[in-house]
>>> print(open('model_28.txt').read())   # compact mmCIF, C-alpha atoms
# COMPACT_ATOMS: atom_id res chain seq x y z
CA ILE A 1 -57.47 -15.22 17.62
CA PHE A 2 -61.05 -14.16 18.23
CA ASP A 3 -63.06 -12.00 15.86
CA SER A 4 -62.22 -8.41 16.80
CA PHE A 5 -65.81 -7.32 16.03
CA LYS A 6 -67.04 -9.55 18.86
CA GLU A 7 -64.09 -8.64 21.04
CA PRO A 8 -63.33 -5.00 20.11
CA ILE A 9 -59.75 -3.97 20.84
CA GLU A 10 -59.27 -1.07 23.23
CA VAL A 11 -55.79 0.30 23.91
CA THR A 12 -55.53 2.42 27.06
CA SER A 13 -51.76 2.73 27.52
CA ILE A 14 -48.33 2.01 26.11
CA THR A 15 -45.44 2.16 28.56
CA PRO A 16 -42.76 3.31 28.56
CA VAL A 17 -42.83 5.77 25.66
CA THR A 18 -39.70 7.80 26.46
CA GLY A 19 -36.03 6.92 26.79
CA LEU A 20 -36.42 3.68 24.85
CA ASN A 21 -33.54 1.71 23.39
CA ALA A 22 -33.81 -0.95 20.69
CA GLU A 23 -34.70 -4.32 22.24
CA ASP A 24 -36.27 -2.72 25.34
CA GLU A 25 -39.61 -4.28 26.26
CA ILE A 26 -42.79 -2.21 26.15
CA SER A 27 -46.25 -3.00 27.49
CA ILE A 28 -49.52 -2.34 25.66
CA LYS A 29 -52.56 -2.49 27.96
CA GLY A 30 -56.30 -2.31 27.40
CA ASP A 31 -58.98 -4.85 26.61
CA TYR A 32 -58.93 -7.66 24.06
CA VAL A 33 -55.40 -6.59 23.14
CA TYR A 34 -54.62 -10.24 22.35
CA ASN A 35 -56.45 -9.57 19.08
CA ILE A 36 -53.66 -7.22 17.97
CA ALA A 37 -51.91 -8.93 15.06
CA GLU A 38 -49.15 -6.43 14.44
CA VAL A 39 -47.48 -3.43 16.03
CA ILE A 40 -45.65 -1.15 13.61
CA PHE A 41 -42.91 1.11 14.93
CA PRO A 42 -41.84 4.21 13.01
CA SER A 43 -38.85 3.51 10.77
CA GLY A 44 -38.12 5.13 7.43
CA VAL A 45 -41.05 4.87 5.00
CA ALA A 46 -42.33 1.33 5.60
CA GLY A 47 -42.01 1.16 9.38
CA ALA A 48 -40.66 -1.68 11.52
CA PRO A 49 -43.41 -4.25 12.16
CA VAL A 50 -43.51 -6.69 15.07
CA ALA A 51 -45.91 -9.60 14.44
CA ALA A 52 -47.99 -11.27 17.15
CA GLU A 53 -45.75 -14.35 16.97
CA GLU A 54 -42.91 -12.17 18.26
CA PHE A 55 -44.75 -10.78 21.28
CA THR A 56 -43.05 -11.73 24.57
CA TYR A 57 -46.30 -11.87 26.58
CA VAL A 58 -49.96 -12.08 25.55
CA SER A 59 -53.18 -11.84 27.59
CA ARG A 60 -56.58 -10.25 27.19
CA LYS A 61 -55.51 -7.14 29.11
CA GLU A 62 -51.83 -6.82 28.14
CA ILE A 63 -49.28 -7.66 25.49
CA ARG A 64 -45.54 -7.08 25.68
CA LEU A 65 -42.99 -6.83 22.90
CA ARG A 66 -39.50 -5.61 22.24
CA VAL A 67 -38.56 -2.45 20.37
CA PRO A 68 -37.12 -3.61 17.01
CA LEU A 69 -33.60 -2.71 15.93
CA ALA A 70 -34.95 -0.54 13.11
CA ALA A 71 -37.31 1.52 15.30
CA GLU A 72 -37.16 5.31 15.35
CA SER A 73 -39.02 7.94 17.34
CA GLY A 74 -42.61 8.65 16.28
CA ILE A 75 -46.11 7.21 16.30
CA ILE A 76 -46.84 3.50 16.84
CA THR A 77 -49.55 1.91 14.69
CA MET A 78 -51.45 -1.25 15.65
CA ASN A 79 -53.77 -3.49 13.59
CA ASP A 80 -55.69 -6.75 13.85
CA GLY A 81 -54.67 -8.00 10.41
CA ALA A 82 -58.11 -7.16 9.03
CA GLU A 83 -60.03 -3.89 9.27
CA TRP A 84 -59.06 -2.47 12.65
CA GLU A 85 -56.07 -0.11 12.77
CA VAL A 86 -55.21 2.63 15.21
CA GLU A 87 -52.37 5.03 15.90
CA TYR A 88 -51.42 5.49 19.54
CA LYS A 89 -51.97 9.06 20.73
CA ASP A 90 -48.49 9.64 22.20
CA PRO A 91 -45.29 9.33 20.16
CA ILE A 92 -42.51 7.09 21.42
CA GLU A 93 -38.96 8.29 21.92
CA VAL A 94 -36.27 5.88 20.75
CA ILE A 95 -32.67 6.77 21.54
CA THR A 96 -30.72 6.33 18.32
CA ALA A 97 -27.16 5.16 17.89
CA SER A 98 -24.39 7.71 18.13
CA VAL A 99 -20.59 7.62 17.83
CA THR A 100 -18.18 9.25 20.26
CA SER A 101 -14.75 8.00 19.14
CA ILE A 102 -12.80 5.74 16.79
CA THR A 103 -9.30 4.27 16.83
CA PRO A 104 -7.50 7.11 14.99
CA SER A 105 -5.22 4.93 12.86
CA ALA A 106 -4.43 1.29 12.13
CA ASP A 107 -2.81 -0.88 9.49
CA PHE A 108 -4.67 -3.06 7.03
CA GLY A 109 -5.86 -6.27 8.70
CA GLN A 110 -5.73 -4.81 12.19
CA GLU A 111 -8.74 -4.29 14.47
CA ILE A 112 -10.16 -0.88 15.33
CA LYS A 113 -12.76 0.12 17.90
CA ILE A 114 -15.69 2.50 17.49
CA THR A 115 -17.36 3.67 20.68
CA GLY A 116 -20.80 5.17 21.24
CA ILE A 117 -24.25 4.07 22.33
CA ASN A 118 -26.88 1.72 20.89
CA LEU A 119 -24.39 0.39 18.38
CA HIS A 120 -26.34 -2.89 18.18
CA THR A 121 -28.62 -1.00 15.76
CA VAL A 122 -25.76 -0.81 13.23
CA GLU A 123 -26.42 -3.20 10.34
CA SER A 124 -23.20 -2.65 8.38
CA VAL A 125 -19.85 -0.87 8.65
CA LEU A 126 -18.34 0.75 5.55
CA PHE A 127 -14.73 1.89 5.46
CA PRO A 128 -13.73 4.86 3.25
CA GLY A 129 -14.36 3.95 -0.37
CA GLY A 130 -17.61 2.20 0.63
CA VAL A 131 -15.77 -1.00 1.59
CA PRO A 132 -17.79 -3.32 3.89
CA ALA A 133 -16.08 -4.94 6.86
CA ASP A 134 -16.81 -7.68 9.36
CA PHE A 135 -17.58 -6.38 12.84
CA THR A 136 -18.85 -7.36 16.27
CA VAL A 137 -20.76 -5.39 18.90
CA SER A 138 -19.99 -5.56 22.62
CA ALA A 139 -22.57 -6.89 25.08
CA ASP A 140 -23.26 -3.37 26.40
CA ASN A 141 -23.82 -2.12 22.82
CA LYS A 142 -21.20 0.59 23.29
CA THR A 143 -18.29 -0.72 21.21
CA ILE A 144 -17.92 -1.97 17.65
CA THR A 145 -14.79 -3.93 16.80
CA ALA A 146 -14.02 -4.06 13.07
CA THR A 147 -11.15 -5.36 10.96
CA VAL A 148 -9.55 -2.91 8.51
CA PRO A 149 -9.99 -4.36 5.00
CA ALA A 150 -7.03 -4.58 2.63
CA GLU A 151 -8.78 -2.36 0.09
CA CYS A 152 -9.71 0.98 1.67
CA LYS A 153 -8.31 4.44 2.31
CA SER A 154 -8.13 7.07 5.05
CA GLY A 155 -11.27 9.02 5.91
CA ALA A 156 -14.52 8.73 7.84
CA LEU A 157 -16.39 5.43 8.16
CA SER A 158 -20.11 5.08 7.50
CA LEU A 159 -22.30 3.11 9.90
CA LEU A 160 -25.56 2.05 8.26
CA LEU A 161 -28.41 1.47 10.72
CA TYR A 162 -31.25 -1.04 10.46
CA SER A 163 -33.59 1.95 10.17
CA GLY A 164 -31.91 3.01 6.93
CA ALA A 165 -30.25 6.03 8.55
CA ALA A 166 -26.47 6.41 8.59
CA LEU A 167 -23.82 7.70 10.98
CA THR A 168 -20.40 9.09 10.15
CA THR A 169 -17.40 8.47 12.38
CA PRO A 170 -14.49 10.83 13.02
CA GLU A 171 -11.60 10.60 10.56
CA PHE A 172 -9.55 7.40 10.50
CA ALA A 173 -6.14 6.87 8.87
CA VAL A 174 -4.36 3.93 7.24
CA PRO A 175 -0.70 3.95 6.10
CA THR A 176 -0.78 5.78 2.78
CA VAL A 177 1.73 6.17 -0.05
CA THR A 178 2.78 9.80 -0.48
CA ILE A 179 5.29 11.43 -2.85
CA GLU A 180 7.31 14.31 -1.44
CA SER A 181 9.72 14.94 -4.32
CA ALA A 182 10.92 13.78 -7.75
CA THR A 183 14.53 14.32 -8.89
CA PRO A 184 14.91 15.36 -11.65
CA LYS A 185 11.38 16.59 -12.18
CA ILE A 186 11.72 18.75 -15.30
CA ASP A 187 13.83 18.73 -18.48
CA LEU A 188 13.70 14.93 -18.58
CA VAL A 189 15.10 12.92 -21.49
CA GLU A 190 15.10 9.24 -22.36
CA GLY A 191 17.45 7.28 -20.13
CA ASP A 192 17.33 9.64 -17.13
CA GLU A 193 16.93 7.94 -13.77
CA VAL A 194 14.21 9.61 -11.71
CA THR A 195 14.29 9.26 -7.92
CA LEU A 196 11.04 9.63 -5.99
CA LYS A 197 11.13 10.37 -2.27
CA GLY A 198 8.15 9.90 0.03
CA GLN A 199 6.46 7.54 2.46
CA ASN A 200 5.27 3.92 2.46
CA PHE A 201 6.78 2.99 -0.91
CA ASN A 202 6.99 -0.67 0.20
CA ARG A 203 3.20 -0.69 -0.24
CA VAL A 204 3.37 0.32 -3.93
CA ILE A 205 1.91 -2.35 -6.25
CA GLY A 206 2.13 -0.44 -9.54
CA VAL A 207 3.77 2.51 -11.32
CA SER A 208 2.29 4.35 -14.31
CA LEU A 209 4.12 6.92 -16.46
CA PRO A 210 2.55 9.61 -18.67
CA GLY A 211 2.38 8.56 -22.32
CA VAL A 212 3.50 5.04 -21.38
CA GLY A 213 1.06 3.56 -18.87
CA ASP A 214 1.98 0.82 -16.41
CA ILE A 215 5.63 -0.20 -16.23
CA LEU A 216 7.30 -3.16 -14.58
CA ASP A 217 10.84 -1.79 -14.57
CA TYR A 218 10.96 0.24 -11.38
CA ASN A 219 12.97 -0.21 -8.19
CA ILE A 220 11.75 0.22 -4.63
CA VAL A 221 15.02 1.06 -2.90
CA ASP A 222 13.44 1.36 0.54
CA ASP A 223 10.20 2.54 2.13
CA ASN A 224 11.09 6.15 1.25
CA THR A 225 12.79 5.80 -2.14
CA LEU A 226 11.68 4.56 -5.58
CA THR A 227 13.52 4.91 -8.89
CA PHE A 228 12.68 4.38 -12.55
CA THR A 229 14.32 5.09 -15.93
CA VAL A 230 12.62 7.45 -18.39
CA PRO A 231 11.51 5.46 -21.48
CA GLU A 232 11.39 6.84 -25.01
CA GLU A 233 7.60 7.18 -25.12
CA MET A 234 7.26 9.20 -21.91
CA THR A 235 5.53 12.61 -22.11
CA ASP A 236 4.69 15.47 -19.76
CA GLY A 237 2.16 14.49 -17.11
CA ASP A 238 1.62 12.61 -13.87
CA VAL A 239 3.66 9.75 -12.54
CA VAL A 240 1.18 7.62 -10.56
CA LEU A 241 2.03 5.20 -7.76
CA THR A 242 -0.76 2.75 -6.90
CA GLN A 243 -1.16 1.29 -3.42
CA ASN A 244 -4.62 -0.28 -3.82
CA ASN A 245 -7.89 0.39 -5.63
CA TYR A 246 -8.53 3.45 -3.46
CA ILE A 247 -5.07 4.93 -2.83
CA THR A 248 -2.75 6.52 -5.40
CA ALA A 249 -0.04 9.18 -5.22
CA THR A 250 0.96 11.44 -8.11
CA VAL A 251 3.73 13.84 -9.07
CA THR A 252 3.86 15.92 -12.26
CA VAL A 253 6.98 15.75 -14.46
CA GLU A 254 8.05 17.53 -17.65
CA MET A 255 10.14 16.36 -20.60
CA ARG A 256 12.85 18.46 -22.27
CA LYS A 257 11.48 20.76 -24.98
CA LEU A 258 13.35 20.85 -28.32
CA GLU A 259 13.31 24.52 -29.33
CA GLY A 260 13.55 25.67 -32.95
CA VAL A 261 13.31 22.20 -34.49
CA ILE A 262 10.97 22.28 -37.49
CA TRP A 263 11.79 18.87 -38.96
CA MET A 264 13.31 15.71 -37.46
CA GLY A 265 13.06 13.26 -40.36
CA LYS A 266 15.86 10.86 -41.37
CA GLU A 267 15.67 11.10 -45.18
CA ASN A 268 18.73 12.33 -47.12
CA LEU A 269 17.85 15.74 -48.53
CA SER A 270 21.25 16.45 -50.11
CA GLY A 271 19.69 16.47 -53.56
CA TRP A 272 16.98 18.97 -52.69
CA SER A 273 17.11 22.34 -54.42
CA ASN A 274 14.92 25.25 -55.31
>>> encode(input="model_28.txt", output="structure tokens")
Amino acid sequence: IFDSFKEPIEVTSITPVTGLNAEDEISIKGDYVYNIAEVIFPSGVAGAPVAAEEFTYVSRKEIRLRVPLAAESGIITMNDGAEWEVEYKDPIEVITASVTSITPSADFGQEIKITGINLHTVESVLFPGGVPADFTVSADNKTITATVPAECKSGALSLLLYSGAALTTPEFAVPTVTIESATPKIDLVEGDEVTLKGQNFNRVIGVSLPGVGDILDYNIVDDNTLTFTVPEEMTDGDVVLTQNNYITATVTVEMRKLEGVIWMGKENLSGWSN
């Protein structure tokens, strides 16, 4: 590279500057432009630099390079790696990624599709709960295919872009444990069998009782029915069914109240007197 003081860089045009997509090629024309060492596209705080080694074409009058995946709309800055630096007069317009649809529901381990535009600028896909997932992008950059991780929940996905920005998808649902009823639910005593009715009980991996904690002695009768026996230590509170680290279902139960009892000791008080 020649000394830019002997060969002063002059930039006369950058084309195109509108309707750009990431990885589109742009042309920078002028004189001695082969002395440009770096072109920095707007992106977050630090920008998205493209070094001379990455230029696709270099001559005295023109250089060409591709719009980086992290580029955003704004002002392009160029430098020679030393003292010369200039901002181009016209801002560029980069069309950012957007989402139009998502597979509305799927089971764990199944594939879903997210459609939109410029999805090749997505760096990571996070399922609800902030769970990362493997994904691929179609050749036309309009479809992401991702596998539903075992540990996630229903909700919107987050797509993190190379620029540092983020997109949110429409709502997505996975099969989720729900409790519709508990019988009996109040006036419980030790030894009672409680029957829970709901959905997806075959996915339950743990049961916790108030005042007791996790128990092992419960019975999944079928996908809609689960039973357990009230232990001595159980108190008022929530029965919690766990499906995974992000999905639980709860129902509140109450124990029988002993009214008017002021002492429940076992000592023999037959000898007590005033």
>>> atom_distance(input="model_28.txt", atom1="atom CA of Asp222 of chain A", atom2="atom CA of Phe172 of chain A")
25.8 Å
>>> closest_residue(input="model_28.txt", among="A:Glu85, A:Asp107, A:Glu180, A:Asp223", to="Asn202 of chain A", atoms="all atoms listed in the file")
A:Asp223
>>> atom_distance(input="model_28.txt", atom1="atom CA of Val125 of chain A", atom2="atom CA of Pro49 of chain A")
24.1 Å
>>> closest_residue(input="model_28.txt", among="A:Ile76, A:Ala37, A:Leu216, A:Ile186", to="Asp236 of chain A", atoms="only C-alpha atoms")
A:Ile186
>>> closest_residue(input="model_28.txt", among="A:Thr136, A:Thr56, A:Ser105, A:Thr250", to="Pro175 of chain A", atoms="all atoms listed in the file")
A:Ser105
>>> closest_residue(input="model_28.txt", among="A:Phe108, A:Phe135, A:Tyr162, A:Tyr88", to="Gly47 of chain A", atoms="all atoms listed in the file")
A:Tyr162
>>> decode(input="model_28.txt", residues="segment 182-196 of chain A", atoms="all heavy atoms", output="PDB file, in the first residue's frame")
ATOM      1  N   ALA A 182     -58.318 -30.624  41.753  1.00  0.00           N
ATOM      2  CA  ALA A 182     -57.775 -31.511  42.787  1.00  0.00           C
ATOM      3  C   ALA A 182     -58.940 -31.971  43.652  1.00  0.00           C
ATOM      4  O   ALA A 182     -59.738 -31.143  44.130  1.00  0.00           O
ATOM      5  CB  ALA A 182     -56.743 -30.789  43.635  1.00  0.00           C
ATOM      6  N   THR A 183     -59.060 -33.284  43.871  1.00  0.00           N
ATOM      7  CA  THR A 183     -60.173 -33.842  44.659  1.00  0.00           C
ATOM      8  C   THR A 183     -59.642 -34.876  45.663  1.00  0.00           C
ATOM      9  O   THR A 183     -59.008 -35.850  45.250  1.00  0.00           O
ATOM     10  CB  THR A 183     -61.203 -34.513  43.745  1.00  0.00           C
ATOM     11  OG1 THR A 183     -61.609 -33.588  42.713  1.00  0.00           O
ATOM     12  CG2 THR A 183     -62.415 -34.944  44.538  1.00  0.00           C
ATOM     13  N   PRO A 184     -59.893 -34.674  46.975  1.00  0.00           N
ATOM     14  CA  PRO A 184     -60.397 -33.434  47.591  1.00  0.00           C
ATOM     15  C   PRO A 184     -59.323 -32.352  47.581  1.00  0.00           C
ATOM     16  O   PRO A 184     -58.140 -32.649  47.444  1.00  0.00           O
ATOM     17  CB  PRO A 184     -60.734 -33.870  49.015  1.00  0.00           C
ATOM     18  CG  PRO A 184     -59.784 -35.004  49.276  1.00  0.00           C
ATOM     19  CD  PRO A 184     -59.605 -35.716  47.977  1.00  0.00           C
ATOM     20  N   LYS A 185     -59.771 -31.122  47.777  1.00  0.00           N
ATOM     21  CA  LYS A 185     -58.860 -29.989  47.714  1.00  0.00           C
ATOM     22  C   LYS A 185     -58.747 -29.288  49.069  1.00  0.00           C
ATOM     23  O   LYS A 185     -57.739 -28.632  49.352  1.00  0.00           O
ATOM     24  CB  LYS A 185     -59.363 -29.012  46.653  1.00  0.00           C
ATOM     25  CG  LYS A 185     -58.453 -27.829  46.395  1.00  0.00           C
ATOM     26  CD  LYS A 185     -59.026 -26.958  45.277  1.00  0.00           C
ATOM     27  CE  LYS A 185     -58.124 -25.767  44.995  1.00  0.00           C
ATOM     28  NZ  LYS A 185     -58.672 -24.912  43.916  1.00  0.00           N
ATOM     29  N   ILE A 186     -59.769 -29.414  49.892  1.00  0.00           N
ATOM     30  CA  ILE A 186     -59.773 -28.799  51.219  1.00  0.00           C
ATOM     31  C   ILE A 186     -60.126 -29.854  52.259  1.00  0.00           C
ATOM     32  O   ILE A 186     -60.573 -30.952  51.918  1.00  0.00           O
ATOM     33  CB  ILE A 186     -60.761 -27.608  51.297  1.00  0.00           C
ATOM     34  CG1 ILE A 186     -62.193 -28.077  51.015  1.00  0.00           C
ATOM     35  CG2 ILE A 186     -60.359 -26.503  50.331  1.00  0.00           C
ATOM     36  CD1 ILE A 186     -63.246 -26.996  51.232  1.00  0.00           C
ATOM     37  N   ASP A 187     -59.897 -29.499  53.529  1.00  0.00           N
ATOM     38  CA  ASP A 187     -60.240 -30.390  54.651  1.00  0.00           C
ATOM     39  C   ASP A 187     -59.483 -31.716  54.568  1.00  0.00           C
ATOM     40  O   ASP A 187     -60.002 -32.768  54.896  1.00  0.00           O
ATOM     41  CB  ASP A 187     -61.753 -30.635  54.674  1.00  0.00           C
ATOM     42  CG  ASP A 187     -62.241 -31.069  56.062  1.00  0.00           C
ATOM     43  OD1 ASP A 187     -61.617 -30.637  57.055  1.00  0.00           O
ATOM     44  OD2 ASP A 187     -63.211 -31.839  56.128  1.00  0.00           O
ATOM     45  N   LEU A 188     -58.226 -31.629  54.118  1.00  0.00           N
ATOM     46  CA  LEU A 188     -57.417 -32.835  53.953  1.00  0.00           C
ATOM     47  C   LEU A 188     -56.857 -33.317  55.278  1.00  0.00           C
ATOM     48  O   LEU A 188     -56.533 -32.512  56.157  1.00  0.00           O
ATOM     49  CB  LEU A 188     -56.255 -32.561  52.987  1.00  0.00           C
ATOM     50  CG  LEU A 188     -56.616 -32.176  51.549  1.00  0.00           C
ATOM     51  CD1 LEU A 188     -55.367 -31.808  50.770  1.00  0.00           C
ATOM     52  CD2 LEU A 188     -57.366 -33.310  50.874  1.00  0.00           C
ATOM     53  N   VAL A 189     -56.733 -34.631  55.415  1.00  0.00           N
ATOM     54  CA  VAL A 189     -56.081 -35.226  56.585  1.00  0.00           C
ATOM     55  C   VAL A 189     -55.107 -36.297  56.095  1.00  0.00           C
ATOM     56  O   VAL A 189     -55.183 -36.762  54.956  1.00  0.00           O
ATOM     57  CB  VAL A 189     -57.105 -35.856  57.559  1.00  0.00           C
ATOM     58  CG1 VAL A 189     -58.035 -34.796  58.130  1.00  0.00           C
ATOM     59  CG2 VAL A 189     -57.897 -36.958  56.881  1.00  0.00           C
ATOM     60  N   GLU A 190     -54.181 -36.652  56.989  1.00  0.00           N
ATOM     61  CA  GLU A 190     -53.208 -37.686  56.665  1.00  0.00           C
ATOM     62  C   GLU A 190     -53.887 -38.949  56.163  1.00  0.00           C
ATOM     63  O   GLU A 190     -54.887 -39.393  56.741  1.00  0.00           O
ATOM     64  CB  GLU A 190     -52.350 -38.005  57.896  1.00  0.00           C
ATOM     65  CG  GLU A 190     -51.322 -39.094  57.661  1.00  0.00           C
ATOM     66  CD  GLU A 190     -50.613 -39.497  58.938  1.00  0.00           C
ATOM     67  OE1 GLU A 190     -50.869 -38.869  59.993  1.00  0.00           O
ATOM     68  OE2 GLU A 190     -49.809 -40.451  58.888  1.00  0.00           O
ATOM     69  N   GLY A 191     -53.388 -39.510  55.087  1.00  0.00           N
ATOM     70  CA  GLY A 191     -53.936 -40.743  54.548  1.00  0.00           C
ATOM     71  C   GLY A 191     -54.936 -40.546  53.424  1.00  0.00           C
ATOM     72  O   GLY A 191     -55.256 -41.514  52.713  1.00  0.00           O
ATOM     73  N   ASP A 192     -55.440 -39.323  53.247  1.00  0.00           N
ATOM     74  CA  ASP A 192     -56.360 -39.066  52.131  1.00  0.00           C
ATOM     75  C   ASP A 192     -55.636 -39.283  50.796  1.00  0.00           C
ATOM     76  O   ASP A 192     -54.460 -38.935  50.645  1.00  0.00           O
ATOM     77  CB  ASP A 192     -56.888 -37.626  52.165  1.00  0.00           C
ATOM     78  CG  ASP A 192     -57.985 -37.421  53.182  1.00  0.00           C
ATOM     79  OD1 ASP A 192     -58.478 -38.435  53.721  1.00  0.00           O
ATOM     80  OD2 ASP A 192     -58.346 -36.251  53.441  1.00  0.00           O
ATOM     81  N   GLU A 193     -56.354 -39.822  49.831  1.00  0.00           N
ATOM     82  CA  GLU A 193     -55.813 -39.896  48.475  1.00  0.00           C
ATOM     83  C   GLU A 193     -56.346 -38.713  47.676  1.00  0.00           C
ATOM     84  O   GLU A 193     -57.561 -38.513  47.591  1.00  0.00           O
ATOM     85  CB  GLU A 193     -56.202 -41.204  47.781  1.00  0.00           C
ATOM     86  CG  GLU A 193     -55.602 -41.303  46.371  1.00  0.00           C
ATOM     87  CD  GLU A 193     -55.939 -42.596  45.661  1.00  0.00           C
ATOM     88  OE1 GLU A 193     -57.053 -42.669  45.089  1.00  0.00           O
ATOM     89  OE2 GLU A 193     -55.099 -43.517  45.685  1.00  0.00           O
ATOM     90  N   VAL A 194     -55.445 -37.930  47.132  1.00  0.00           N
ATOM     91  CA  VAL A 194     -55.821 -36.758  46.337  1.00  0.00           C
ATOM     92  C   VAL A 194     -55.666 -37.109  44.864  1.00  0.00           C
ATOM     93  O   VAL A 194     -54.643 -37.665  44.446  1.00  0.00           O
ATOM     94  CB  VAL A 194     -54.948 -35.545  46.682  1.00  0.00           C
ATOM     95  CG1 VAL A 194     -55.301 -34.349  45.793  1.00  0.00           C
ATOM     96  CG2 VAL A 194     -55.105 -35.178  48.150  1.00  0.00           C
ATOM     97  N   THR A 195     -56.692 -36.790  44.085  1.00  0.00           N
ATOM     98  CA  THR A 195     -56.660 -37.045  42.639  1.00  0.00           C
ATOM     99  C   THR A 195     -56.574 -35.714  41.895  1.00  0.00           C
ATOM    100  O   THR A 195     -57.448 -34.845  42.064  1.00  0.00           O
ATOM    101  CB  THR A 195     -57.920 -37.802  42.189  1.00  0.00           C
ATOM    102  OG1 THR A 195     -57.978 -39.065  42.863  1.00  0.00           O
ATOM    103  CG2 THR A 195     -57.898 -38.033  40.686  1.00  0.00           C
ATOM    104  N   LEU A 196     -55.530 -35.563  41.105  1.00  0.00           N
ATOM    105  CA  LEU A 196     -55.369 -34.377  40.267  1.00  0.00           C
ATOM    106  C   LEU A 196     -55.812 -34.715  38.848  1.00  0.00           C
ATOM    107  O   LEU A 196     -55.476 -35.771  38.316  1.00  0.00           O
ATOM    108  CB  LEU A 196     -53.914 -33.912  40.238  1.00  0.00           C
ATOM    109  CG  LEU A 196     -53.252 -33.596  41.577  1.00  0.00           C
ATOM    110  CD1 LEU A 196     -51.833 -33.094  41.355  1.00  0.00           C
ATOM    111  CD2 LEU A 196     -54.057 -32.576  42.372  1.00  0.00           C
TER     112      LEU A 196
END
